[in-house]
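Q: I am sharing structure30.cif, which consists of mmCIF, C-alpha atoms:
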data_run
loop_
_atom_site.label_atom_id
_atom_site.label_comp_id
_atom_site.auth_asym_id
_atom_site.auth_seq_id
_atom_site.Cartn_x
_atom_site.Cartn_y
_atom_site.Cartn_z
CA MET W 30 -90.30 5.59 37.68
CA LYS W 31 -93.12 3.00 37.52
CA PHE W 32 -93.04 3.43 33.74
CA LEU W 33 -89.31 2.65 33.66
CA SER W 34 -89.77 -0.35 35.94
CA ALA W 35 -92.38 -1.77 33.59
CA LEU W 36 -90.06 -1.27 30.62
CA PHE W 37 -87.17 -3.03 32.38
CA THR W 38 -89.27 -6.11 33.09
CA LYS W 39 -90.06 -6.47 29.39
CA ALA W 40 -86.62 -5.68 28.04
CA ARG W 41 -84.30 -8.45 26.90
CA LEU W 42 -80.59 -8.16 27.73
CA ASP W 43 -79.63 -7.49 24.09
CA SER W 44 -82.69 -5.50 23.03
CA PRO W 45 -83.01 -1.86 21.92
CA MET W 46 -85.65 -1.48 24.66
CA LEU W 47 -83.07 -2.13 27.37
CA ARG W 48 -80.79 0.52 25.97
CA LEU W 49 -83.70 2.96 25.86
CA CYS W 50 -84.35 2.25 29.54
CA LEU W 51 -80.70 2.91 30.36
CA LEU W 52 -80.75 6.20 28.48
CA LEU W 53 -83.97 7.35 30.18
CA SER W 54 -82.59 6.37 33.59
CA ALA W 55 -79.40 8.32 32.95
CA CYS W 56 -81.38 11.40 31.97
CA LEU W 57 -83.54 11.20 35.11
CA LEU W 58 -80.52 10.80 37.38
CA LEU W 59 -78.62 13.65 35.74
CA SER W 60 -81.63 15.98 35.91
CA ALA W 61 -81.17 16.21 39.66
CA CYS W 62 -77.70 17.70 39.14
CA GLY W 63 -78.73 20.64 36.96
CA ARG W 64 -79.63 20.95 33.30
CA PRO W 65 -77.64 18.30 31.44
CA SER W 66 -77.12 18.32 27.70
CA ILE W 67 -76.78 14.82 26.24
CA THR W 68 -76.52 13.98 22.55
CA PHE W 69 -77.07 10.44 21.29
CA ALA W 70 -77.01 9.33 17.66
CA LEU W 71 -79.30 6.26 17.42
CA GLY W 72 -79.07 3.98 14.42
CA ALA W 73 -77.27 4.93 11.24
CA THR W 74 -75.53 8.30 11.22
CA ASP W 75 -74.59 10.63 8.38
CA ALA W 76 -71.15 9.33 7.38
CA GLU W 77 -70.29 12.35 5.24
CA LEU W 78 -67.21 14.07 6.62
CA ARG W 79 -67.38 17.77 7.33
CA GLU W 80 -64.61 20.03 8.56
CA THR W 81 -64.40 22.52 11.41
CA THR W 82 -61.60 24.95 12.17
CA VAL W 83 -60.25 24.37 15.69
CA ILE W 84 -57.30 26.79 15.53
CA GLU W 85 -57.38 29.84 13.30
CA GLU W 86 -54.48 32.24 13.25
CA GLU W 87 -54.86 35.85 12.23
CA GLY W 88 -54.02 36.22 8.55
CA SER W 89 -53.96 32.45 7.98
CA GLY W 90 -55.65 32.69 4.58
CA ASP W 91 -56.74 29.48 2.84
CA ALA W 92 -53.89 27.20 3.95
CA LYS W 93 -55.03 24.32 6.15
CA ILE W 94 -53.43 21.62 8.31
CA ALA W 95 -55.74 18.63 8.81
CA GLN W 96 -55.72 17.00 12.24
CA ILE W 97 -56.67 13.31 12.29
CA ASP W 98 -57.16 11.57 15.63
CA ILE W 99 -56.26 7.94 16.38
CA ARG W 100 -57.82 7.00 19.71
CA GLY W 101 -58.19 3.72 21.57
CA THR W 102 -57.32 0.20 20.51
CA ILE W 103 -56.14 -0.18 16.93
CA ILE W 104 -58.16 -2.94 15.25
CA ASP W 105 -59.44 -3.55 11.73
CA ALA W 106 -63.02 -4.01 12.89
CA ALA W 107 -65.81 -2.01 14.47
CA ARG W 108 -64.89 -1.33 18.09
CA PRO W 109 -67.54 -2.54 20.55
CA GLY W 110 -68.84 -0.24 23.26
CA PHE W 111 -71.38 -0.25 26.09
CA PHE W 112 -74.00 1.53 23.98
CA GLY W 113 -73.31 -0.38 20.78
CA GLU W 114 -70.94 -0.92 17.93
CA GLY W 115 -68.61 1.90 16.95
CA THR W 116 -66.65 2.62 13.80
CA ASN W 117 -63.63 0.87 12.30
CA PRO W 118 -60.42 2.82 13.15
CA VAL W 119 -58.71 1.80 9.89
CA ASP W 120 -61.71 2.91 7.83
CA ASP W 121 -61.92 6.20 9.77
CA LEU W 122 -58.25 6.95 9.09
CA VAL W 123 -58.40 6.12 5.38
CA ALA W 124 -61.55 8.21 4.83
CA ARG W 125 -59.91 11.25 6.44
CA LEU W 126 -56.64 10.79 4.59
CA GLU W 127 -58.53 10.63 1.29
CA LYS W 128 -60.36 13.86 2.11
CA ALA W 129 -57.07 15.57 3.02
CA ALA W 130 -55.45 14.26 -0.18
CA LYS W 131 -58.20 15.69 -2.42
CA ASP W 132 -58.17 19.14 -0.83
CA PRO W 133 -55.36 21.28 -2.36
CA LYS W 134 -55.71 23.74 0.52
CA VAL W 135 -54.64 21.04 3.00
CA ARG W 136 -50.87 21.40 3.10
CA ALA W 137 -50.03 18.81 5.79
CA VAL W 138 -51.56 16.35 8.25
CA LEU W 139 -51.22 16.38 12.03
CA LEU W 140 -51.80 12.82 13.26
CA ARG W 141 -52.80 12.90 16.93
CA ILE W 142 -52.23 9.44 18.47
CA ASN W 143 -53.66 8.43 21.83
CA SER W 144 -53.54 4.62 21.70
CA PRO W 145 -52.00 1.79 23.74
CA GLY W 146 -51.64 -0.31 20.59
CA GLY W 147 -53.67 -3.03 18.95
CA THR W 148 -53.48 -5.87 16.49
CA VAL W 149 -50.47 -6.38 14.27
CA GLY W 150 -52.49 -6.38 11.06
CA ALA W 151 -54.42 -3.18 11.82
CA SER W 152 -51.29 -1.33 12.94
CA GLU W 153 -49.52 -2.45 9.77
CA SER W 154 -52.46 -1.36 7.60
CA MET W 155 -52.60 2.08 9.18
CA TYR W 156 -48.84 2.51 8.82
CA ALA W 157 -49.08 1.59 5.13
CA GLU W 158 -51.95 4.02 4.52
CA VAL W 159 -50.16 6.97 6.16
CA THR W 160 -46.97 6.14 4.25
CA ARG W 161 -48.88 5.94 0.97
CA PHE W 162 -50.55 9.28 1.67
CA ARG W 163 -47.24 10.96 2.46
CA GLU W 164 -45.47 9.55 -0.60
CA THR W 165 -48.24 10.12 -3.17
CA THR W 166 -49.39 13.58 -2.06
CA ARG W 167 -45.99 14.89 -0.89
CA LYS W 168 -47.86 16.44 2.00
CA PRO W 169 -45.88 16.10 5.25
CA VAL W 170 -47.26 14.19 8.24
CA VAL W 171 -46.42 15.13 11.83
CA VAL W 172 -47.40 12.90 14.74
CA SER W 173 -48.48 14.43 18.04
CA MET W 174 -48.46 11.81 20.82
CA GLY W 175 -51.10 12.24 23.52
CA GLU W 176 -51.33 10.45 26.86
CA VAL W 177 -50.16 7.17 25.39
CA ALA W 178 -48.77 6.12 22.00
CA ALA W 179 -47.26 2.73 22.65
CA SER W 180 -46.80 -0.61 20.89
CA GLY W 181 -49.01 -0.47 17.77
CA GLY W 182 -49.50 3.26 18.41
CA TYR W 183 -45.73 3.75 18.23
CA TYR W 184 -45.55 1.51 15.14
CA LEU W 185 -48.05 3.82 13.41
CA ALA W 186 -46.06 6.91 14.45
CA MET W 187 -43.09 5.62 12.46
CA ALA W 188 -44.96 6.49 9.24
CA ALA W 189 -44.65 10.22 9.94
CA ASP W 190 -42.00 12.71 8.84
CA GLU W 191 -41.63 13.90 12.41
CA VAL W 192 -42.80 12.64 15.82
CA ILE W 193 -43.50 14.96 18.76
CA ALA W 194 -44.42 13.55 22.19
CA GLN W 195 -45.71 15.32 25.23
CA PRO W 196 -43.14 15.09 28.07
CA SER W 197 -45.52 12.83 30.02
CA THR W 198 -46.59 10.65 27.06
CA ILE W 199 -46.25 6.90 27.68
CA THR W 200 -44.60 5.44 24.59
CA GLY W 201 -42.35 2.60 23.49
CA SER W 202 -43.54 -0.92 24.36
CA ILE W 203 -41.90 -2.05 21.13
CA GLY W 204 -42.70 -5.72 20.75
CA VAL W 205 -45.36 -8.35 20.11
CA ILE W 206 -47.33 -10.62 22.43
CA ILE W 207 -49.74 -13.52 21.98
CA PRO W 208 -51.51 -13.95 25.33
CA THR W 209 -52.65 -17.50 26.16
CA ILE W 210 -54.34 -19.21 29.09
CA ASN W 211 -54.72 -22.87 30.00
CA VAL W 212 -57.42 -24.25 32.32
CA SER W 213 -56.97 -27.97 31.65
CA ALA W 214 -55.44 -28.69 35.07
CA GLY W 215 -58.37 -27.09 36.86
CA MET W 216 -60.86 -28.96 34.69
CA SER W 217 -59.19 -32.29 35.40
CA ARG W 218 -59.67 -31.76 39.14
CA LEU W 219 -63.39 -31.54 38.46
CA GLY W 220 -63.33 -34.68 36.37
CA ILE W 221 -63.79 -32.79 33.10
CA VAL W 222 -61.78 -33.98 30.09
CA ALA W 223 -61.62 -32.13 26.76
CA ARG W 224 -60.47 -33.63 23.48
CA SER W 225 -60.29 -31.97 20.06
CA ILE W 226 -60.87 -33.82 16.80
CA LYS W 227 -58.46 -32.10 14.42
CA SER W 228 -56.90 -32.44 10.98
CA GLY W 229 -53.33 -31.80 12.09
CA ALA W 230 -51.14 -31.64 15.19
CA ASN W 231 -51.16 -27.83 15.29
CA LYS W 232 -54.75 -27.11 14.32
CA ASP W 233 -55.59 -26.39 17.98
CA LEU W 234 -52.60 -24.20 18.84
CA ALA W 235 -52.61 -23.26 22.55
CA ASN W 236 -56.02 -24.88 23.13
CA PRO W 237 -56.88 -23.70 26.68
CA LEU W 238 -58.94 -26.84 27.37
CA GLU W 239 -56.19 -29.40 26.76
CA PRO W 240 -52.76 -29.79 28.43
CA ALA W 241 -50.16 -27.33 27.14
CA ARG W 242 -47.66 -28.74 24.65
CA GLU W 243 -44.31 -26.98 24.35
CA GLU W 244 -43.96 -27.74 20.62
CA GLN W 245 -47.12 -25.73 19.95
CA TYR W 246 -45.82 -22.75 21.91
CA GLN W 247 -42.65 -22.93 19.82
CA VAL W 248 -44.82 -22.43 16.72
CA LEU W 249 -46.38 -19.35 18.28
CA GLN W 250 -42.97 -18.07 19.38
CA HIS W 251 -41.75 -18.36 15.80
CA LEU W 252 -44.70 -16.23 14.69
CA VAL W 253 -44.01 -13.59 17.36
CA ASP W 254 -40.32 -13.52 16.40
CA GLN W 255 -41.21 -12.75 12.79
CA PHE W 256 -43.56 -9.91 13.75
CA TYR W 257 -41.03 -8.50 16.22
CA SER W 258 -38.21 -8.63 13.67
CA GLU W 259 -40.29 -6.52 11.29
CA PHE W 260 -41.19 -4.04 14.06
CA ARG W 261 -37.57 -3.72 15.20
CA SER W 262 -36.25 -3.27 11.67
CA LEU W 263 -38.83 -0.58 10.98
CA VAL W 264 -37.86 1.42 14.08
CA VAL W 265 -34.15 1.15 13.25
CA GLU W 266 -34.79 2.21 9.64
CA ARG W 267 -36.96 5.21 10.56
CA ARG W 268 -34.97 6.41 13.59
CA ARG W 269 -31.36 5.52 12.67
CA ASN W 270 -30.62 9.02 11.36
CA LYS W 271 -32.71 10.77 13.99
CA GLY W 272 -30.66 10.15 17.10
CA LEU W 273 -31.38 6.48 17.85
CA ASP W 274 -28.35 4.60 19.19
CA VAL W 275 -28.66 1.40 17.15
CA SER W 276 -26.16 -0.37 19.41
CA ARG W 277 -28.79 -0.16 22.18
CA ALA W 278 -31.65 -1.42 19.99
CA ASP W 279 -32.07 -4.74 21.84
CA GLU W 280 -32.23 -2.93 25.17
CA LEU W 281 -34.63 -0.20 24.04
CA MET W 282 -36.92 -2.58 22.14
CA ASP W 283 -37.47 -5.28 24.75
CA GLY W 284 -41.02 -4.10 25.46
CA ARG W 285 -40.20 -1.46 28.06
CA ILE W 286 -42.04 1.87 28.10
CA PHE W 287 -40.70 5.42 28.27
CA THR W 288 -41.98 8.89 28.98
CA GLY W 289 -42.04 11.28 26.06
CA ALA W 290 -39.11 13.17 27.58
CA GLU W 291 -37.04 9.96 27.80
CA ALA W 292 -38.02 8.95 24.27
CA ALA W 293 -36.77 12.28 22.93
CA THR W 294 -33.43 11.84 24.70
CA LEU W 295 -33.08 8.30 23.29
CA GLY W 296 -33.99 9.29 19.74
CA LEU W 297 -37.26 7.34 19.70
CA VAL W 298 -39.13 10.59 18.99
CA ASP W 299 -37.90 13.89 17.56
CA SER W 300 -38.88 16.34 20.30
CA THR W 301 -41.34 17.12 23.06
CA GLY W 302 -44.38 19.33 22.84
CA GLY W 303 -48.13 19.30 22.40
CA ILE W 304 -50.61 19.95 19.62
CA HIS W 305 -49.50 23.56 19.14
CA GLU W 306 -45.86 22.54 18.70
CA ALA W 307 -46.87 19.79 16.26
CA PHE W 308 -49.04 22.31 14.38
CA ALA W 309 -46.06 24.66 14.10
CA ARG W 310 -43.81 21.88 12.76
CA ALA W 311 -46.45 20.78 10.24
CA LYS W 312 -46.64 24.34 8.90
CA SER W 313 -42.87 24.56 8.68
CA LEU W 314 -42.51 21.23 6.85
CA ALA W 315 -45.28 22.31 4.47
CA GLY W 316 -43.19 25.32 3.50
CA LEU W 317 -45.70 27.93 4.61
CA ALA W 318 -43.48 30.99 4.41
CA ALA W 319 -45.61 33.15 6.67
CA GLY W 320 -46.11 30.30 9.11
CA LYS W 321 -49.87 30.87 9.03
CA ALA W 322 -52.59 28.26 8.56
CA LYS W 323 -55.85 26.93 9.97
CA LEU W 324 -55.95 23.69 11.93
CA ILE W 325 -59.06 21.79 10.92
CA LYS W 326 -60.67 18.52 12.04
CA TYR W 327 -62.96 16.22 10.10
CA HIS W 328 -66.18 15.01 11.70
CA THR W 329 -69.64 13.67 10.95
CA GLU W 330 -72.96 15.49 11.32
CA GLY W 331 -73.74 16.38 14.93
CA ASP W 332 -70.18 15.66 16.05
CA GLN W 333 -68.71 19.13 15.63
CA PRO W 334 -65.53 19.65 17.70
CA ARG W 335 -64.94 22.81 19.74
CA THR W 336 -61.16 22.46 20.05
CA ALA W 337 -58.29 20.28 18.83
CA TYR W 338 -58.79 18.09 21.93
CA ALA W 339 -62.47 17.33 21.28
CA LEU W 340 -63.75 13.79 21.79
CA SER W 341 -66.34 12.15 19.55
CA LEU W 342 -69.95 11.79 20.61
CA ILE W 343 -71.61 8.43 21.32
CA HIS W 344 -72.96 6.66 18.25
CA ILE W 345 -75.15 3.55 18.52
CA SER W 346 -75.49 1.14 15.63
CA GLU W 347 -78.58 -1.07 15.22
CA PRO W 348 -78.98 -3.90 15.89
CA THR W 349 -76.59 -4.36 18.80
CA ARG W 350 -76.09 -7.65 20.64
CA LEU W 351 -73.74 -8.79 23.36
CA ARG W 352 -70.88 -10.71 21.80
CA ARG W 353 -67.38 -11.95 22.56
CA ILE W 354 -64.60 -10.49 20.42
CA SER W 355 -61.08 -11.85 20.68
CA TYR W 356 -57.85 -11.24 18.80
CA ALA W 357 -54.97 -13.65 18.98
CA VAL W 358 -52.10 -11.31 18.30
CA PHE W 359 -51.47 -7.87 19.74
CA CYS W 360 -48.45 -5.64 19.23
#
Please rewrite the model in this file as structure tokens.

A:
Amino acid sequence: MKFLSALFTKARLDSPMLRLCLLLSACLLLSACGRPSITFALGATDAELRETTVIEEEGSGDAKIAQIDIRGTIIDAARPGFFGEGTNPVDDLVARLEKAAKDPKVRAVLLRINSPGGTVGASESMYAEVTRFRETTRKPVVVSMGEVAASGGYYLAMAADEVIAQPSTITGSIGVIIPTINVSAGMSRLGIVARSIKSGANKDLANPLEPAREEQYQVLQHLVDQFYSEFRSLVVERRRNKGLDVSRADELMDGRIFTGAEAATLGLVDSTGGIHEAFARAKSLAGLAAGKAKLIKYHTEGDQPRTAYALSLIHISEPTRLRRISYAVFC
């Protein structure tokens, strides 16, 4: 412990040494609870994708269904984490789709979504990539919704041939939001005055340091309205012939959330079920006469999944520094 104490005194807040101290401390604490097994990938990792079978049916032969997981916030950037910078969700999806497209034994894709949403641009990019894959390869895509597949996660699901939600899935939240905050009133009480030097009246839209101006919020509202109109039109287009009551579109797409069971009743998803039900539908849509196939998952070296529900290991990129990341628009 004296060794760790000495390391901590020398470690900077954003240094690799501090992270090493944290890892050593965690190992010492966990050792008192038994024989822990912890795997960390420090620095660059082998990015080559491998595949592991997570469900293998008797007599399945060579036919494969590729499961691709979408987890967490959908952004077109590396997701930050406590131990360092992670991977880019858009890049991860595209790499796996390309691998599935090149493998003639992969007959369909099962897209497992467990995401509360994300940025408009990233959600749109992922939707476009899944749509392109489905149209160019003619391989069906079935979405399996996990705990949550809302907002941008639901937007992405619209790219699939069929959407299956667990009865308890939280989904919906169809809409767009630009969160803002204004602290100018509080600053003025302290005698602090902020002033921006700008090239145009709207260059500092929703500046939190200066008094709010309604005309600027109208500009942002116009932007949100455009994004929402696209989102709404997409849902109507994709679900119109699948049970959605279009006359209730304004009510169902006002940002409210639904359980998977409710969404199935309202026509927002096709049916309820889990990974096994989605696997069965993917095989059926792929035209596998015997209904037999392997469910496989793609992964990197040292990240081999045991089951279809497996989570990824912790990867740390070097160098890592504390930083502030913000996104203006979320859907």

Q: What does the distance from CA of Val265 (chain W) to CA of Thr200 (chain W) come to in Å, to one decimal?

A: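 Distance between the two atoms: 16.0 Å.
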
Q: Would you mind listing what lies within 10 Å of Ala293 (chain W) as a list in words, with only C-alpha atoms counted and same-chain residues fewer than 3 positions away left out?

A: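 So, after excluding close chain neighbours, the residues are Val192, Ile193, Ala194, Gln195, Pro196, Lys271, Gly272, Leu273, Phe287, Thr288, Gly289, Ala290, Gly296, Leu297, Val298, Asp299, Ser300 and Thr301 of chain W.
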
Q: Would you work out the distance separating CA of Tyr327 (chain W) from CA of Thr81 (chain W), expressed in Å to one decimal?

A: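 Between these atoms lies a distance of 6.6 Å.
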
Q: Interatomic distance between CA of Ser152 (chain W) and CA of Lys326 (chain W)?

A: 22.0 Å

Q: Hey, which of W:Lys128, W:Arg79, W:Val123, W:Arg261 ends up closest to Ala157 (chain W)? Count all atoms listed in the file.

A: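 Closest residue, counting all atoms listed in the file: W:Val123.
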
Q: Enumerate, as a ChimeraX atom specification, the residues matched when the PyMOL selection byres ((chain W and resi 99) around 6) is run on the file above.

A: /W:98,100,142

Q: Do you know which residues are at most 10 Å from Ile325 (chain W) counting all atoms listed in the file, after dropping those on the same chain fewer than 3 positions away, and could you put them as a PDB file with C-alpha atoms, keeping the file's coordinate frame?

A:
ATOM      1  CA  ARG W  79     -67.380  17.770   7.330  1.00  0.00           C
ATOM      2  CA  GLU W  80     -64.610  20.030   8.560  1.00  0.00           C
ATOM      3  CA  THR W  81     -64.400  22.520  11.410  1.00  0.00           C
ATOM      4  CA  THR W  82     -61.600  24.950  12.170  1.00  0.00           C
ATOM      5  CA  VAL W  83     -60.250  24.370  15.690  1.00  0.00           C
ATOM      6  CA  ILE W  84     -57.300  26.790  15.530  1.00  0.00           C
ATOM      7  CA  GLU W  85     -57.380  29.840  13.300  1.00  0.00           C
ATOM      8  CA  LYS W  93     -55.030  24.320   6.150  1.00  0.00           C
ATOM      9  CA  ILE W  94     -53.430  21.620   8.310  1.00  0.00           C
ATOM     10  CA  ALA W  95     -55.740  18.630   8.810  1.00  0.00           C
ATOM     11  CA  GLN W  96     -55.720  17.000  12.240  1.00  0.00           C
ATOM     12  CA  ILE W  97     -56.670  13.310  12.290  1.00  0.00           C
ATOM     13  CA  VAL W 135     -54.640  21.040   3.000  1.00  0.00           C
ATOM     14  CA  VAL W 138     -51.560  16.350   8.250  1.00  0.00           C
ATOM     15  CA  LEU W 139     -51.220  16.380  12.030  1.00  0.00           C
ATOM     16  CA  ALA W 322     -52.590  28.260   8.560  1.00  0.00           C
ATOM     17  CA  HIS W 328     -66.180  15.010  11.700  1.00  0.00           C
ATOM     18  CA  PRO W 334     -65.530  19.650  17.700  1.00  0.00           C
ATOM     19  CA  THR W 336     -61.160  22.460  20.050  1.00  0.00           C
ATOM     20  CA  ALA W 337     -58.290  20.280  18.830  1.00  0.00           C
TER      21      ALA W 337
END

Q: Using all atoms listed in the file, find the one residue out of W:Val159, W:Ala241, W:Ala92, W:Val149 that sits nearest to Ala311 (chain W).

A: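 The answer is W:Ala92, which sits nearest to Ala311 (chain W).
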
Q: So that I can check the surroundings of Val248 (chain W), please list as JSON, numbers by chain every protein, DNA and RNA residue that reaches within 12 Å of it, counting only C-alpha atoms and ignoring chain neighbours fewer than 2 positions away.

A: {"W": [207, 230, 231, 232, 233, 234, 235, 242, 243, 244, 245, 246, 250, 251, 252, 253, 254, 255]}

Q: Please evaluate the PyMOL selection byres ((chain W and resi 172-174) around 9) against the structure above and give the resulting residues as a PyMOL selection string.

A: chain W and resi 138-144+170-171+175-178+182-183+186-195+198-200+289+302-304+306-308

Q: Which of these residues is nearest to Pro237 (chain W), using all atoms listed in the file: W:Met155, W:Ser258, W:Pro208, W:Val264?

A: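 Checking each of W:Met155, W:Ser258, W:Pro208, W:Val264 against Pro237 (chain W), counting all atoms listed in the file, the winner is W:Pro208.
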
Q: Hey, could you make a per-residue contact list for region 66-160 of chain W against region 315-320 of chain W with 9 Å as the cut-off, showing the nearest pair of atoms and its distance in Å to one decimal, counting all atoms listed in the file, sorted by chain and number, as a Markdown table?

A:
| residue | atom | partner | partner_atom | distance |
| --- | --- | --- | --- | --- |
| W:Ser89 | CA | W:Gly320 | CA | 8.2 |
| W:Ala92 | CA | W:Leu317 | CA | 8.2 |
| W:Arg136 | CA | W:Ala315 | CA | 5.8 |
| W:Ala137 | CA | W:Ala315 | CA | 6.0 |

Q: Considering all atoms listed in the file, can you say which of W:Leu263, W:Leu324, W:Ala339, W:Leu295 comes closest to Gly90 (chain W)?

A: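 Looking at the shortest contact to Gly90 (chain W), the residue is W:Leu324.
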
Q: If I wrap all listed atoms of region 178-181 of chain W in a box with edges along x, y and z and add 5 Å on each side, what are its centre and edge lengths in Å to one decimal, as JSON?

A:
{"center_x": -47.9, "center_y": 2.8, "center_z": 20.2, "size_x": 12.2, "size_y": 16.7, "size_z": 14.9}
